[in-house]
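For reference, the structure is listed below as structure tokens.
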Amino acid sequence: MPFHVRSAACAAALLVSFGASAGRVCRQLDIPGSSETQLWQINSAGQIAATSDVGGFIYSAGTWIRDPPTPPGYQAGTAQAIALNDSGEQGGYGIRADDGSEQAYYQSGGAFHFLSVGTADFPNTETRGINNAGILSLWVLDSNDFSGPGGIYNPGPSTLYPLGFTAFPTPTLPAGSTVVRVLPVNMNDAGRVVGSIRSDSGYFAFFHDPGGTTTVYQLGSLPTRAAGINNLGDIAGTIFPNAPDFSVSNGYVRSNGVDTIITCPEVIGASGFLFFESINDAGVVSGQFNDAEGNAHGLVVYPSAEAELDDLLSALEEEVGPGESLESKLRVAEADLASGNSAGACGALRAFAAETRAQSGKTLDPTLAGSLGGEAAALVKSLCGP
């Protein structure tokens, strides 16, 4: 299967808006030449695992890097990465050439490592997330109805979880509910993993910690899924506000106990159909949306530009002091942003980044210059696109 459609496809029987972008900046990001693109796990460097009808890629600093060829014994082009950690280790699944079953893999040091914990009832295994210790979130499933359990695979040497495969315990749901699917997705460095549960009474999000506790929740009693978690504990996921009509889906970010609904109407238009898949430590969310024709497109949601600029100003004043040329450029960007002139703000931020590079090793410590310039460049990307 050269194009992974698991997230949208298995929810298609349930799935398109209420809120807006909540101050965040939404951007479409598609693999060049593709008809359909899906974005999956995003790491701390802003690199994103992506799949499409023209192959799998890693998006990195404006460049699309094609995934390595699928190894022999697996159908060509099926091993497309959907999981990616800060070290560049990848995970996903490939389809065996002999029996058509899915086998999970992780890629480390340039080598593929395939594994399967499938059973007769659930013969397929997929890697859905990988944290910085190399621990995998696995989904074990029947590809006919997308039912099946989930678990954790620890290849070592981390001690967060036992070595090998650990199945999730069956979560406790409302009385009388029968669990049909447990789909774990991303995991942070503390070993906390989030995902979604399908039952005969609805859809629930969950987070699970290495101590064995699983917490199940919904937003406003609505069908809810969780997919991304960062090292701050922020969670990104999707809700279905018009259930039992599942043709509309909204994204949400849960941070410090506050849930913010995000719909990105300026990007996705009238379709109202989006999925959040991951969130990194900078609060950048990756996912996908469907257009009016049902075609999937990559989606990146950046934090509030105003808040990010305020943080950059605070860092500059703390490290460099007020009244300098660098601050004046940020103040111009601040004024342009307040007046809705995104292009002007980007111009001022680019000038700021250029000055940090020019002053690196002179009036600015090289490490500080790199940090300030990098933050400005990320803000330009969020405002004016990659």
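We name chains A, B, ... following the order of the structure tokens; residues begin at 1 in each chain, and ligands are numbered from 1 as shown.
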
Among the residues of segment 70-316 of chain A, find those DSSP assigns to helix (DSSP H, G or I) from the backbone and print them as an NGL selection string.
:A and (265-271 or 305-316)

Selection export as a compact mmCIF listing (two decimals), in the first residue's frame, atoms kept: C-alpha atoms:
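And here is the file that came out, part_10.txt:
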# COMPACT_ATOMS: atom_id res chain seq x y z
CA PRO A 265 -11.22 27.49 7.84
CA GLU A 266 -8.76 29.77 6.02
CA VAL A 267 -7.00 26.65 4.71
CA ILE A 268 -9.47 23.81 4.54
CA GLY A 269 -12.44 25.83 3.26
CA ALA A 270 -15.91 24.39 3.32
CA SER A 271 -14.93 20.75 3.76
CA ALA A 305 2.42 34.46 15.93
CA GLU A 306 1.84 37.24 18.44
CA ALA A 307 2.78 35.01 21.38
CA GLU A 308 5.87 33.70 19.58
CA LEU A 309 7.02 37.22 18.74
CA ASP A 310 6.48 38.31 22.34
CA ASP A 311 8.64 35.39 23.52
CA LEU A 312 11.36 36.37 21.04
CA LEU A 313 11.30 39.97 22.26
CA SER A 314 11.54 38.82 25.88
CA ALA A 315 14.50 36.57 25.10
CA LEU A 316 16.25 39.38 23.23

Contacts of Ala243 of chain A at 10 Å (only C-alpha atoms; same-chain gap of 3+ positions) as a list of chain:residue names:
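Neighbouring residues, sequence-local ones excluded: A:Leu14, A:Leu15, A:Gly202, A:Leu222, A:Pro223, A:Ile239, A:Phe240, A:Phe246, A:Ser247, A:Val248, A:Ser249.
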
Mind writing the picked residues with N, CA and C atoms as a JSON list (two decimals), in the first residue's frame?
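The resulting file, result-v5.json, is reproduced below:
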[["chain", "number", "residue", "atom", "x", "y", "z"],
["A", 14, "LEU", "N", -16.84, 7.56, 10.27],
["A", 14, "LEU", "CA", -17.27, 8.42, 11.35],
["A", 14, "LEU", "C", -16.97, 9.87, 11.06],
["A", 15, "LEU", "N", -16.60, 10.38, 10.12],
["A", 15, "LEU", "CA", -15.93, 11.71, 10.13],
["A", 15, "LEU", "C", -16.74, 12.90, 9.69],
["A", 202, "GLY", "N", -18.97, 4.52, 21.20],
["A", 202, "GLY", "CA", -18.37, 5.76, 20.74],
["A", 202, "GLY", "C", -16.86, 5.72, 20.72],
["A", 222, "LEU", "N", -18.18, 14.47, 23.43],
["A", 222, "LEU", "CA", -18.14, 14.24, 21.99],
["A", 222, "LEU", "C", -17.14, 13.13, 21.66],
["A", 223, "PRO", "N", -17.35, 12.40, 20.57],
["A", 223, "PRO", "CA", -16.33, 11.44, 20.12],
["A", 223, "PRO", "C", -14.99, 12.15, 19.97],
["A", 239, "ILE", "N", -11.83, 16.01, 17.38],
["A", 239, "ILE", "CA", -13.18, 15.73, 17.88],
["A", 239, "ILE", "C", -14.16, 15.77, 16.73],
["A", 240, "PHE", "N", -15.36, 15.23, 16.97],
["A", 240, "PHE", "CA", -16.41, 15.17, 15.96],
["A", 240, "PHE", "C", -17.65, 15.86, 16.53],
["A", 246, "PHE", "N", -20.58, 12.09, 11.30],
["A", 246, "PHE", "CA", -19.13, 12.18, 11.41],
["A", 246, "PHE", "C", -18.50, 12.79, 10.16],
["A", 247, "SER", "N", -19.23, 13.61, 9.43],
["A", 247, "SER", "CA", -18.69, 14.25, 8.24],
["A", 247, "SER", "C", -17.91, 15.51, 8.58],
["A", 248, "VAL", "N", -17.91, 15.93, 9.84],
["A", 248, "VAL", "CA", -17.20, 17.14, 10.28],
["A", 248, "VAL", "C", -16.25, 16.76, 11.41],
["A", 249, "SER", "N", -15.01, 17.24, 11.34],
["A", 249, "SER", "CA", -14.05, 17.00, 12.42],
["A", 249, "SER", "C", -13.25, 18.26, 12.70]]

Which residue is closest to Tyr302 of chain A? Choose from A:Gly211, A:Gly195, A:Gly118, A:Gly46 and count only C-alpha atoms.
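Closest candidate: A:Gly46.
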
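Of the residues listed (A:Gly298, A:Gly340, A:Gly228, A:Pro303), A:Gly298 shows the shortest atom-to-atom separation from Leu29 of chain A; distances use only C-alpha atoms.
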
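Of the residues listed (A:Ile235, A:Ala343, A:Ala167, A:Ala376), A:Ala376 shows the shortest atom-to-atom separation from Leu326 of chain A; distances use only C-alpha atoms.
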
Segment 101-116 of chain A surroundings by only C-alpha atoms, 9 Å radius, close-in-sequence under 5 positions cut, as a PyMOL selection string
chain A and resi 68+70-71+79+81+83+88-96+123-128+130+134+136+138-140+143

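Among the candidate residues A:Ser304, A:Ser286, A:Thr367, A:Ser199, the one lying nearest to Glu319 of chain A is A:Thr367, with distances computed using only C-alpha atoms.
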
Separation of atom CA of Thr260 of chain A from atom CA of Arg181 of chain A, in Å and rounded to one decimal:
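Taking atom CA of Thr260 of chain A and atom CA of Arg181 of chain A, their separation equals 26.1 Å.
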
Would you give me, as number ranges by chain, the residues in segment 50-266 of chain A that DSSP reads as strand (DSSP E)?
A: 50-52, 57-60, 63-66, 80-84, 90-95, 102-108, 111-115, 124-130, 136-141, 150-154, 164-167, 179-187, 193-199, 202-208, 214-217, 224-229, 235-239, 250-255, 258-262

Excluding segment 351-360 of chain A and its own-chain neighbours fewer than 3 positions away, which residues fall within 8 Å of it when counting only C-alpha atoms? Please give them as a PyMOL selection string.
chain A and resi 326+329-330+347-348+363-366+369-370+372-374+376-377

What would the file look like if the residues just selected were written as an mmCIF file, in the first residue's frame with C-alpha atoms?
data_model
loop_
_atom_site.group_PDB
_atom_site.id
_atom_site.type_symbol
_atom_site.label_atom_id
_atom_site.label_comp_id
_atom_site.auth_asym_id
_atom_site.auth_seq_id
_atom_site.Cartn_x
_atom_site.Cartn_y
_atom_site.Cartn_z
ATOM 1 C CA LEU A 326 17.787 44.067 16.722
ATOM 2 C CA LYS A 329 13.380 45.261 13.859
ATOM 3 C CA LEU A 330 11.225 43.126 16.144
ATOM 4 C CA GLY A 347 10.333 41.265 6.018
ATOM 5 C CA ALA A 348 11.298 42.693 9.407
ATOM 6 C CA THR A 363 28.460 41.515 19.216
ATOM 7 C CA LEU A 364 26.491 38.277 19.723
ATOM 8 C CA ASP A 365 27.605 34.968 21.143
ATOM 9 C CA PRO A 366 27.354 32.445 18.275
ATOM 10 C CA ALA A 369 22.807 34.323 17.556
ATOM 11 C CA GLY A 370 21.836 30.910 16.245
ATOM 12 C CA LEU A 372 17.531 34.034 18.060
ATOM 13 C CA GLY A 373 17.896 33.691 14.297
ATOM 14 C CA GLY A 374 16.362 30.215 14.342
ATOM 15 C CA ALA A 376 12.854 34.304 13.859
ATOM 16 C CA ALA A 377 13.128 31.949 10.878
#

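The shortest atom-to-atom distance to Ala50 of chain A, with only C-alpha atoms taken into account, belongs to A:Pro32 out of A:Pro171, A:Pro32, A:Gly23, A:Gly257.
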
Which of A:Gly100, A:Gly62, A:Pro155, A:Gly150 sits closest to Gln75 of chain A [using only C-alpha atoms]
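When distances to Gln75 of chain A are compared using only C-alpha atoms, the smallest one comes from A:Gly100.
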
Distance query Ile58 of chain A at most 9 Å, only C-alpha atoms, self and fewer than 4 positions along chain excluded, as a list of chain:residue names
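Neighbouring residues, sequence-local ones excluded: A:Gln47, A:Ile48, A:Ala49, A:Ala50, A:Thr51, A:Thr63, A:Trp64, A:Ile65, A:Arg66, A:Asp67, A:Ala81, A:Leu84.
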
Can those selected residues be exported to a file as an mmCIF file, in the first residue's frame so that it contains N, CA and C atoms?
data_model
loop_
_atom_site.group_PDB
_atom_site.id
_atom_site.type_symbol
_atom_site.label_atom_id
_atom_site.label_comp_id
_atom_site.auth_asym_id
_atom_site.auth_seq_id
_atom_site.Cartn_x
_atom_site.Cartn_y
_atom_site.Cartn_z
ATOM 1 N N GLN A 47 11.026 18.652 11.631
ATOM 2 C CA GLN A 47 10.985 17.668 10.548
ATOM 3 C C GLN A 47 9.691 16.853 10.671
ATOM 4 N N ILE A 48 9.114 16.497 9.526
ATOM 5 C CA ILE A 48 7.812 15.832 9.537
ATOM 6 C C ILE A 48 7.847 14.601 8.641
ATOM 7 N N ALA A 49 7.362 13.476 9.158
ATOM 8 C CA ALA A 49 7.172 12.284 8.331
ATOM 9 C C ALA A 49 5.914 12.464 7.498
ATOM 10 N N ALA A 50 6.013 12.179 6.204
ATOM 11 C CA ALA A 50 4.892 12.399 5.294
ATOM 12 C C ALA A 50 4.747 11.227 4.344
ATOM 13 N N THR A 51 3.507 10.900 4.006
ATOM 14 C CA THR A 51 3.220 9.865 3.025
ATOM 15 C C THR A 51 2.349 10.454 1.917
ATOM 16 N N THR A 63 12.953 21.279 2.556
ATOM 17 C CA THR A 63 13.373 20.274 1.587
ATOM 18 C C THR A 63 12.633 18.959 1.838
ATOM 19 N N TRP A 64 12.255 18.275 0.763
ATOM 20 C CA TRP A 64 11.595 16.979 0.866
ATOM 21 C C TRP A 64 12.628 15.889 0.584
ATOM 22 N N ILE A 65 12.880 15.049 1.576
ATOM 23 C CA ILE A 65 13.875 13.975 1.453
ATOM 24 C C ILE A 65 13.139 12.643 1.321
ATOM 25 N N ARG A 66 13.347 11.954 0.214
ATOM 26 C CA ARG A 66 12.616 10.714 -0.043
ATOM 27 C C ARG A 66 13.053 9.611 0.920
ATOM 28 N N ASP A 67 12.067 8.826 1.392
ATOM 29 C CA ASP A 67 12.371 7.689 2.258
ATOM 30 C C ASP A 67 13.252 6.680 1.522
ATOM 31 N N ALA A 81 7.557 6.062 6.114
ATOM 32 C CA ALA A 81 7.627 6.412 7.533
ATOM 33 C C ALA A 81 6.432 7.266 7.945
ATOM 34 N N LEU A 84 8.659 9.535 13.585
ATOM 35 C CA LEU A 84 9.962 10.184 13.434
ATOM 36 C C LEU A 84 10.355 10.823 14.761
#

Å distance separating atom CA of Asp121 of chain A from atom CA of Ala97 of chain A, one decimal place
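These atoms are spaced 20.1 Å apart.
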